[in-house]
Amino acid sequence: KQDLMEHLKLPEDKIEVIYPVLSHDFKPVSSSLSSNFAQRYGLSRDCHWLMISGREYYKNHDTCLAVFKQLIEESDLNIRLIKTGLPSPDFDKQVCNLGLQQHVTQLFLQQFSELPLLYNFVDCLLFPSLYEGFGMPVAEALACGTPVVTSNRGSLPEVGGALAKQCDALDVDGLSQLVLTVLADETIKETLLQDGPLWCDQFRAPTITDKYQKLYSSMLS
């Protein structure tokens with residue numbers, strides 16, 4: 001909406017913001033389901049897992065890897081990084097250049113239905129995008145009760161609200177500290193298991209349907 005107003009000079013009263021629909025598949029699951037998922041893909045339960053997603057440049061994987069390397073070198077925590085989605089030669093090259101091959105797992109899920117299980121398994125979604133029109137992974141993670149560290153750019157502050165930890169997309173030190181805070185404070189996860197799904201009700205089909213009905217009715221009246 002802000003981009004339309006700034007770059008195309010559209011009047012605010014001509015724009016109606018309606019979010020995309022978040023599937024009800026994204027929700028907290030039992031520890032047994034999460035453990036079965038980890039076993040199926042050979043993922044260790046004896047460490048902390050950061051998750052990143054996508055392969056586009058604006059997903060800011062350069063910064064993600066810099067954050068991850070700093071965490072490995074400067075903290076006492078046993079941390080691993082998992083990347084979902086299609087393989088990326090550029091990402092592989094970055095991992096090798098940083099000497100992180102033994103700490104990074106790339107996972108292409110066999111079925112979309114397994115994605116909520118992955119969100120439930122990991123300890124934090126690291127999503128410092130340079131720009132997002134919405135940022136569905138942030139909503140998906142919060143709906144599963146998974147902590148999120150993201151950037152304050154584009155739509156991400158609106159999608160994550162007060163539940164997502166935010167700072168500038170290029171602030172490696174700031175992002176690293178936020179990840180450490182999330183991993184060290186177990187109450188954050190406990191709170192998100194309750195508040196995350198409630199926050200994400202605004203992205204569910206019943207709410208979105210109602211907004212479309214009101215919009216169409218106003219256009220026809």
# chains A, B, ... in the order shown; residues from 1 in each chain; ligands from 1

$ residues_around --residues "segment 15-27 of chain A" --least-positions-apart "2" --cutoff "7 Å" --atoms "only C-alpha atoms" --output "list in words"
Lys1, Glu12, Asp13, Val29, Pro116, Glu140, Ala143, Cys144, Pro197, Phe203, Arg204, Ala205, Ile208 and Lys211 of chain A

$ select_by_dssp --residues "segment 7-167 of chain A" --states "strand (DSSP E)" --output "number ranges by chain"
A: 48-52, 79-84, 104-107, 124-127, 148-151, 165-167

$ residues_around --residues "Tyr119 of chain A" --least-positions-apart "3" --cutoff "12 Å" --atoms "only C-alpha atoms" --output "count of residues only"
39

$ closest_residue --among "A:Ile72, A:Leu100, A:Leu193, A:Val67" --to "Gly174 of chain A" --atoms "only C-alpha atoms"
A:Val67

$ atom_distance --atom1 "atom CA of Ser88 of chain A" --atom2 "atom CA of Leu109 of chain A"
15.0 Å

$ closest_atom_pairs --of "segment 67-139 of chain A" --to "segment 157-171 of chain A" --cutoff "8 Å" --atoms "only C-alpha atoms" --output "Markdown table"
| residue | atom | partner | partner_atom | distance |
| --- | --- | --- | --- | --- |
| A:Pro128 | CA | A:Ala169 | CA | 4.9 |
| A:Ser129 | CA | A:Ala169 | CA | 6.2 |
| A:Leu130 | CA | A:Ala169 | CA | 6.0 |
| A:Phe134 | CA | A:Val159 | CA | 7.0 |
| A:Gly135 | CA | A:Val159 | CA | 7.2 |
| A:Val138 | CA | A:Gly160 | CA | 6.3 |
| A:Ala139 | CA | A:Val159 | CA | 6.5 |

$ atom_distance --atom1 "atom CA of Gly154 of chain A" --atom2 "atom CA of Phe127 of chain A"
12.3 Å

$ residues_around --residues "Leu43 of chain A" --least-positions-apart "2" --cutoff "12 Å" --atoms "only C-alpha atoms" --output "PyMOL selection string"
chain A and resi 34-41+45-49+80-82+103-107+118+121-122

$ write_last_selection --atoms "C-alpha atoms" --output "mmCIF file, in the first residue's frame"
data_model
loop_
_atom_site.group_PDB
_atom_site.id
_atom_site.type_symbol
_atom_site.label_atom_id
_atom_site.label_comp_id
_atom_site.auth_asym_id
_atom_site.auth_seq_id
_atom_site.Cartn_x
_atom_site.Cartn_y
_atom_site.Cartn_z
ATOM 1 C CA SER A 34 7.978 -33.302 15.380
ATOM 2 C CA SER A 35 10.313 -36.099 16.482
ATOM 3 C CA ASN A 36 9.057 -38.427 13.760
ATOM 4 C CA PHE A 37 9.729 -35.724 11.194
ATOM 5 C CA ALA A 38 13.273 -35.225 12.488
ATOM 6 C CA GLN A 39 13.942 -38.946 12.392
ATOM 7 C CA ARG A 40 12.620 -39.242 8.837
ATOM 8 C CA TYR A 41 15.102 -36.646 7.581
ATOM 9 C CA ARG A 45 17.677 -33.185 18.276
ATOM 10 C CA ASP A 46 20.868 -32.400 20.206
ATOM 11 C CA CYS A 47 21.385 -28.879 18.882
ATOM 12 C CA HIS A 48 19.614 -25.615 18.133
ATOM 13 C CA TRP A 49 18.323 -25.214 14.583
ATOM 14 C CA ARG A 80 22.990 -25.736 13.051
ATOM 15 C CA LEU A 81 21.432 -24.068 10.018
ATOM 16 C CA ILE A 82 18.802 -25.624 7.796
ATOM 17 C CA HIS A 103 27.099 -26.929 10.024
ATOM 18 C CA VAL A 104 24.557 -26.426 7.227
ATOM 19 C CA THR A 105 21.833 -28.828 6.081
ATOM 20 C CA GLN A 106 19.844 -28.252 2.904
ATOM 21 C CA LEU A 107 16.439 -29.892 2.885
ATOM 22 C CA LEU A 118 9.656 -28.360 9.920
ATOM 23 C CA PHE A 121 10.984 -28.696 14.681
ATOM 24 C CA VAL A 122 13.286 -25.688 14.315
#

$ decode --residues "segment 125-145 of chain A" --atoms "N, CA, C and O atoms" --output "compact mmCIF listing (two decimals), in the first residue's frame"
# COMPACT_ATOMS: atom_id res chain seq x y z
N LEU A 125 13.16 -19.13 13.08
CA LEU A 125 13.20 -18.75 11.67
C LEU A 125 14.01 -17.46 11.56
O LEU A 125 13.66 -16.46 12.17
N LEU A 126 15.09 -17.50 10.75
CA LEU A 126 15.91 -16.32 10.49
C LEU A 126 15.52 -15.79 9.12
O LEU A 126 15.77 -16.44 8.11
N PHE A 127 14.89 -14.62 9.08
CA PHE A 127 14.27 -14.13 7.84
C PHE A 127 14.51 -12.63 7.67
O PHE A 127 13.57 -11.84 7.64
N PRO A 128 15.78 -12.22 7.52
CA PRO A 128 16.08 -10.79 7.42
C PRO A 128 16.01 -10.29 5.97
O PRO A 128 16.98 -9.75 5.43
N SER A 129 14.88 -10.43 5.35
CA SER A 129 14.73 -10.07 3.94
C SER A 129 14.99 -8.59 3.70
O SER A 129 14.70 -7.74 4.54
N LEU A 130 15.51 -8.31 2.51
CA LEU A 130 15.72 -6.93 2.10
C LEU A 130 14.40 -6.26 1.75
O LEU A 130 14.26 -5.04 1.87
N TYR A 131 13.44 -7.06 1.31
CA TYR A 131 12.10 -6.54 1.00
C TYR A 131 11.14 -7.70 0.88
O TYR A 131 11.49 -8.77 0.39
N GLU A 132 9.92 -7.51 1.31
CA GLU A 132 8.84 -8.50 1.15
C GLU A 132 7.53 -7.77 0.89
O GLU A 132 7.23 -6.76 1.54
N GLY A 133 6.76 -8.29 -0.06
CA GLY A 133 5.41 -7.77 -0.27
C GLY A 133 4.46 -8.25 0.82
O GLY A 133 3.49 -7.59 1.16
N PHE A 134 4.76 -9.44 1.37
CA PHE A 134 4.03 -9.94 2.53
C PHE A 134 5.00 -10.64 3.49
O PHE A 134 5.21 -10.19 4.59
N GLY A 135 5.60 -11.74 3.06
CA GLY A 135 6.50 -12.47 3.94
C GLY A 135 5.81 -13.64 4.61
O GLY A 135 5.77 -13.73 5.84
N MET A 136 5.25 -14.53 3.80
CA MET A 136 4.47 -15.65 4.32
C MET A 136 5.23 -16.52 5.33
O MET A 136 4.62 -16.98 6.31
N PRO A 137 6.53 -16.79 5.15
CA PRO A 137 7.22 -17.62 6.15
C PRO A 137 7.13 -17.07 7.57
O PRO A 137 7.09 -17.85 8.53
N VAL A 138 7.09 -15.76 7.74
CA VAL A 138 6.96 -15.18 9.08
C VAL A 138 5.62 -15.57 9.69
O VAL A 138 5.55 -16.00 10.86
N ALA A 139 4.55 -15.46 8.92
CA ALA A 139 3.22 -15.84 9.42
C ALA A 139 3.16 -17.34 9.67
O ALA A 139 2.58 -17.79 10.67
N GLU A 140 3.73 -18.13 8.77
CA GLU A 140 3.71 -19.59 8.92
C GLU A 140 4.42 -20.02 10.21
O GLU A 140 3.92 -20.87 10.95
N ALA A 141 5.59 -19.42 10.46
CA ALA A 141 6.34 -19.77 11.66
C ALA A 141 5.59 -19.38 12.93
O ALA A 141 5.46 -20.18 13.87
N LEU A 142 5.09 -18.15 12.97
CA LEU A 142 4.37 -17.69 14.17
C LEU A 142 3.12 -18.53 14.42
O LEU A 142 2.77 -18.81 15.57
N ALA A 143 2.44 -18.95 13.35
CA ALA A 143 1.26 -19.79 13.51
C ALA A 143 1.60 -21.13 14.14
O ALA A 143 0.75 -21.75 14.79
N CYS A 144 2.84 -21.57 13.95
CA CYS A 144 3.30 -22.83 14.54
C CYS A 144 3.90 -22.62 15.92
O CYS A 144 4.35 -23.59 16.56
N GLY A 145 3.93 -21.38 16.38
CA GLY A 145 4.53 -21.09 17.67
C GLY A 145 6.05 -21.06 17.63
O GLY A 145 6.70 -21.24 18.66
